[in-house]
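Asks: Take this structure first; my questions come after.
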Amino acid sequence: MFKDAKKLFKSIGPGMIITASFIGPGTVTTMTQGGAGFGYSLLWAVVFSIVATIVLQEMIIRLSLVTREGLGEAIQDLFANKIGKLIIVWFTLIAVTLGCAAYISGDLIGTSLGAAYLLHLPENAVAPVIGVIILLIGLFGNYRFLEKIMIFLMVIMGIIFITTMIVIKPDIIGILKGIFVPTIPNGSIITIIALIGTTVVPYNFFIHSTAVHERFGNIKELKFARWDTIISISIGGIISAAILIAAATLIKGKEVTSIIQLAGPLEPVLGNAAPFAISIGLFAAGLSSAIASPTGAAATISSLLGWQGGMESKKYKFVFTCIIIIGIITSALGFEPLQVLLVAQALNGIILPTVAILIFIVINKRNLMGNYVNTVWLNIIGGIVVIVVTFLGVYSLIDAINSFIQR
């Protein structure tokens, strides 16, 4: 038992990369707005988003360890028709890559907010420097180095946000009610969709598939890969919930533009350390997400095109470099074209349900998965998750189209 516990601890890694990826500036801001706007009542949505992420990512690790293929190869194997295969491969590739390229500027700006607040510098001066640091990580680092960075950032976020939640002494009854008694307050539907949408991220499926190959050898290690996923993503859920709870306790009813607003109400508890703590937490969240965007694009393209060599291949590093350079330039110029973002949002609105459905189909192919196909209960839970993410995708697509028309 002790040996298993030790091996489990050493197996923590791929899941932490996924968790660090989805806890970025968007998630932090959305959780803060959710708590400030609706108190504890949307905690159930955070719990659902974590369950959905665990369910989908567990399918990814099972698929990767059984087939020893990436998600991209498994998707291609579904299509006997060459035209159909070509369409789905290139649509997925373009959608995910364009999304990563479109959002990288925002990721870098979000990362710079904490540092810029403390250093009293403009965000577009700090963001490119952070971009260069990430570029160096991508060029000269390897999987193990990336894993260590992401785990370190997760530890920082956990210490800051979970400690903040504890010291402010929130309403425990209100928290339990928010978790176990789902409600949809007036005007909260968009926030609920955002809470779930910032956690279930399409490119994380491809990152996880690649990371599993880097860390685990074969199907015999499925138990440890599962626990890595469950523990890591659950920690991410606790951190996300902690941010929402802190906002609900400290700034409910106030209009929110940034998590930095939590610093003021925290000063009676943390004193002068309050702005520093919140800024460091925001910086860690932003950096993890900014690293994940180019990683996601590189992992997706590598998997769909069948590139060998994993995260250390030259082709992988080339894609990583291209995406982060786009972010460095656009963040320095303060350039964030709304039309490109709307197109990316629309494409991701299609790609999330598409990939989720394809994963669900692949994982139920007995000739491919053998005894590791979904059980009845996993199909029921997975089916509910796929329906919900399909709704999220359709809503995101419609919202993007409406925004484009209104311009």
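Numbering starts fresh at 1 for the residues of each chain in the structure tokens, the chains themselves are lettered A, B, ... in the order given, and ligands are numbered from 1 as they appear.
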I'd like the contact shell of Ile243 (chain A) - 10 Å cut-off, only C-alpha atoms, skipping same-chain residues fewer than 3 positions apart - returned as a list in words.
Replies: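 That gives Thr27, Val28, Thr29, Thr30, Met31, Thr32, Gln33, Gly34, Gly35, Ile160, Phe161, Ile162, Thr164, Met165, Gly237, Ile238, Ile239, Ser240, Ala246, Ala247, Ala248, Thr249, Ile259 and Leu262 of chain A.
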Asks: Would you output that residue set with N, CA and C atoms, as a PDB file, in the first residue's frame?
Replies:
```
ATOM      1  N   THR A  27     -10.914  32.242 -16.171  1.00  0.00           N
ATOM      2  CA  THR A  27     -11.558  31.508 -15.080  1.00  0.00           C
ATOM      3  C   THR A  27     -11.575  32.335 -13.802  1.00  0.00           C
ATOM      4  N   VAL A  28     -10.449  32.956 -13.474  1.00  0.00           N
ATOM      5  CA  VAL A  28     -10.356  33.768 -12.252  1.00  0.00           C
ATOM      6  C   VAL A  28     -11.372  34.907 -12.291  1.00  0.00           C
ATOM      7  N   THR A  29     -11.448  35.595 -13.429  1.00  0.00           N
ATOM      8  CA  THR A  29     -12.385  36.715 -13.560  1.00  0.00           C
ATOM      9  C   THR A  29     -13.832  36.232 -13.509  1.00  0.00           C
ATOM     10  N   THR A  30     -14.119  35.120 -14.203  1.00  0.00           N
ATOM     11  CA  THR A  30     -15.483  34.591 -14.226  1.00  0.00           C
ATOM     12  C   THR A  30     -15.927  34.145 -12.841  1.00  0.00           C
ATOM     13  N   MET A  31     -15.051  33.464 -12.109  1.00  0.00           N
ATOM     14  CA  MET A  31     -15.386  33.028 -10.747  1.00  0.00           C
ATOM     15  C   MET A  31     -15.620  34.243  -9.846  1.00  0.00           C
ATOM     16  N   THR A  32     -14.795  35.264 -10.017  1.00  0.00           N
ATOM     17  CA  THR A  32     -14.955  36.481  -9.210  1.00  0.00           C
ATOM     18  C   THR A  32     -16.285  37.157  -9.514  1.00  0.00           C
ATOM     19  N   GLN A  33     -16.617  37.265 -10.778  1.00  0.00           N
ATOM     20  CA  GLN A  33     -17.894  37.872 -11.175  1.00  0.00           C
ATOM     21  C   GLN A  33     -19.078  37.030 -10.710  1.00  0.00           C
ATOM     22  N   GLY A  34     -18.930  35.709 -10.789  1.00  0.00           N
ATOM     23  CA  GLY A  34     -20.009  34.829 -10.338  1.00  0.00           C
ATOM     24  C   GLY A  34     -20.297  34.987  -8.859  1.00  0.00           C
ATOM     25  N   GLY A  35     -19.231  35.050  -8.054  1.00  0.00           N
ATOM     26  CA  GLY A  35     -19.418  35.226  -6.611  1.00  0.00           C
ATOM     27  C   GLY A  35     -19.950  36.597  -6.257  1.00  0.00           C
ATOM     28  N   ILE A 160      -2.544  30.551  -2.062  1.00  0.00           N
ATOM     29  CA  ILE A 160      -3.114  31.907  -1.981  1.00  0.00           C
ATOM     30  C   ILE A 160      -4.629  31.888  -1.938  1.00  0.00           C
ATOM     31  N   PHE A 161      -5.265  31.228  -2.894  1.00  0.00           N
ATOM     32  CA  PHE A 161      -6.723  31.322  -2.991  1.00  0.00           C
ATOM     33  C   PHE A 161      -7.440  30.488  -1.926  1.00  0.00           C
ATOM     34  N   ILE A 162      -6.919  29.305  -1.620  1.00  0.00           N
ATOM     35  CA  ILE A 162      -7.569  28.486  -0.594  1.00  0.00           C
ATOM     36  C   ILE A 162      -7.355  29.097   0.791  1.00  0.00           C
ATOM     37  N   THR A 164      -6.950  32.272   1.405  1.00  0.00           N
ATOM     38  CA  THR A 164      -7.843  33.441   1.436  1.00  0.00           C
ATOM     39  C   THR A 164      -9.257  33.022   1.807  1.00  0.00           C
ATOM     40  N   MET A 165      -9.753  31.950   1.185  1.00  0.00           N
ATOM     41  CA  MET A 165     -11.109  31.471   1.477  1.00  0.00           C
ATOM     42  C   MET A 165     -11.262  31.105   2.955  1.00  0.00           C
ATOM     43  N   GLY A 237     -10.739  22.429  -9.042  1.00  0.00           N
ATOM     44  CA  GLY A 237     -12.113  22.798  -8.688  1.00  0.00           C
ATOM     45  C   GLY A 237     -12.188  23.508  -7.352  1.00  0.00           C
ATOM     46  N   ILE A 238     -11.388  23.040  -6.386  1.00  0.00           N
ATOM     47  CA  ILE A 238     -11.365  23.678  -5.059  1.00  0.00           C
ATOM     48  C   ILE A 238     -10.823  25.101  -5.176  1.00  0.00           C
ATOM     49  N   ILE A 239      -9.777  25.288  -5.991  1.00  0.00           N
ATOM     50  CA  ILE A 239      -9.216  26.629  -6.179  1.00  0.00           C
ATOM     51  C   ILE A 239     -10.233  27.546  -6.840  1.00  0.00           C
ATOM     52  N   SER A 240     -10.905  27.047  -7.892  1.00  0.00           N
ATOM     53  CA  SER A 240     -11.925  27.845  -8.579  1.00  0.00           C
ATOM     54  C   SER A 240     -13.052  28.225  -7.623  1.00  0.00           C
ATOM     55  N   ALA A 246     -14.638  33.539  -2.070  1.00  0.00           N
ATOM     56  CA  ALA A 246     -14.023  34.775  -1.566  1.00  0.00           C
ATOM     57  C   ALA A 246     -14.756  35.999  -2.103  1.00  0.00           C
ATOM     58  N   ALA A 247     -15.076  35.973  -3.395  1.00  0.00           N
ATOM     59  CA  ALA A 247     -15.796  37.101  -3.986  1.00  0.00           C
ATOM     60  C   ALA A 247     -17.193  37.227  -3.407  1.00  0.00           C
ATOM     61  N   ALA A 248     -17.871  36.088  -3.205  1.00  0.00           N
ATOM     62  CA  ALA A 248     -19.225  36.105  -2.644  1.00  0.00           C
ATOM     63  C   ALA A 248     -19.227  36.650  -1.221  1.00  0.00           C
ATOM     64  N   THR A 249     -18.162  36.352  -0.480  1.00  0.00           N
ATOM     65  CA  THR A 249     -18.076  36.785   0.919  1.00  0.00           C
ATOM     66  C   THR A 249     -17.666  38.248   1.050  1.00  0.00           C
ATOM     67  N   ILE A 259     -10.035  40.503 -10.358  1.00  0.00           N
ATOM     68  CA  ILE A 259      -9.904  39.905  -9.032  1.00  0.00           C
ATOM     69  C   ILE A 259      -9.093  40.795  -8.092  1.00  0.00           C
ATOM     70  N   LEU A 262     -10.483  42.198  -4.868  1.00  0.00           N
ATOM     71  CA  LEU A 262     -10.565  41.486  -3.596  1.00  0.00           C
ATOM     72  C   LEU A 262      -9.545  41.997  -2.590  1.00  0.00           C
TER      73      LEU A 262
END
```
Asks: Considering only C-alpha atoms, return as number ranges by chain whatever protein or nucleic-acid residues lie within 9 Å of Gly286 (chain A), sequence-local ones (same chain, fewer than 4 positions apart) excluded.
Replies: A: 23-26, 28, 107-114, 281-282, 290-291
Asks: Go ahead and save the residues from that selection, with N, CA and C atoms, as a tab-separated table (two decimals), in the first residue's frame.
Replies:
```
chain	number	residue	atom	x	y	z
A	23	ILE	N	-7.24	27.03	-15.26
A	23	ILE	CA	-7.32	28.13	-14.29
A	23	ILE	C	-6.46	29.28	-14.79
A	24	GLY	N	-7.03	30.10	-15.63
A	24	GLY	CA	-6.34	31.25	-16.19
A	24	GLY	C	-7.08	32.54	-15.85
A	25	PRO	N	-6.68	33.64	-16.46
A	25	PRO	CA	-7.34	34.92	-16.18
A	25	PRO	C	-8.84	34.88	-16.42
A	26	GLY	N	-9.26	34.14	-17.48
A	26	GLY	CA	-10.69	34.05	-17.76
A	26	GLY	C	-11.45	33.36	-16.65
A	28	VAL	N	-10.45	32.96	-13.47
A	28	VAL	CA	-10.36	33.77	-12.25
A	28	VAL	C	-11.37	34.91	-12.29
A	107	ASP	N	-4.29	36.16	-22.82
A	107	ASP	CA	-3.63	35.38	-21.78
A	107	ASP	C	-2.41	36.12	-21.22
A	108	LEU	N	-1.61	36.69	-22.13
A	108	LEU	CA	-0.41	37.41	-21.69
A	108	LEU	C	-0.77	38.69	-20.93
A	109	ILE	N	-1.78	39.41	-21.42
A	109	ILE	CA	-2.23	40.62	-20.72
A	109	ILE	C	-2.76	40.24	-19.34
A	110	GLY	N	-3.54	39.14	-19.28
A	110	GLY	CA	-4.07	38.68	-18.00
A	110	GLY	C	-2.96	38.29	-17.04
A	111	THR	N	-1.91	37.66	-17.56
A	111	THR	CA	-0.76	37.30	-16.74
A	111	THR	C	-0.07	38.53	-16.18
A	112	SER	N	-0.01	39.56	-17.01
A	112	SER	CA	0.74	40.76	-16.61
A	112	SER	C	0.00	41.62	-15.60
A	113	LEU	N	-1.30	41.41	-15.43
A	113	LEU	CA	-2.09	42.28	-14.55
A	113	LEU	C	-1.55	42.31	-13.12
A	114	GLY	N	-1.25	41.11	-12.59
A	114	GLY	CA	-0.73	41.05	-11.23
A	114	GLY	C	0.59	41.75	-11.08
A	281	GLY	N	-1.28	35.50	-6.98
A	281	GLY	CA	-2.23	34.46	-7.39
A	281	GLY	C	-2.69	34.66	-8.82
A	282	LEU	N	-3.00	35.91	-9.17
A	282	LEU	CA	-3.43	36.22	-10.54
A	282	LEU	C	-2.31	35.98	-11.53
A	290	ALA	N	-1.23	31.06	-20.08
A	290	ALA	CA	-0.45	31.57	-21.22
A	290	ALA	C	0.50	30.51	-21.76
A	291	ILE	N	1.02	29.66	-20.88
A	291	ILE	CA	1.85	28.54	-21.33
A	291	ILE	C	1.00	27.51	-22.06
```
Asks: How many Å separate CA of Ala127 (chain A) from CA of Thr92 (chain A)?
Replies: 28.5 Å
Asks: Just checking: using only C-alpha atoms, which residue out of A:Ala225, A:Met16, A:Leu63, A:Ile75 ends up closest to Ile357 (chain A)?
Replies: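 Once distances to Ile357 (chain A) are computed over only C-alpha atoms, the minimum belongs to A:Ile75.
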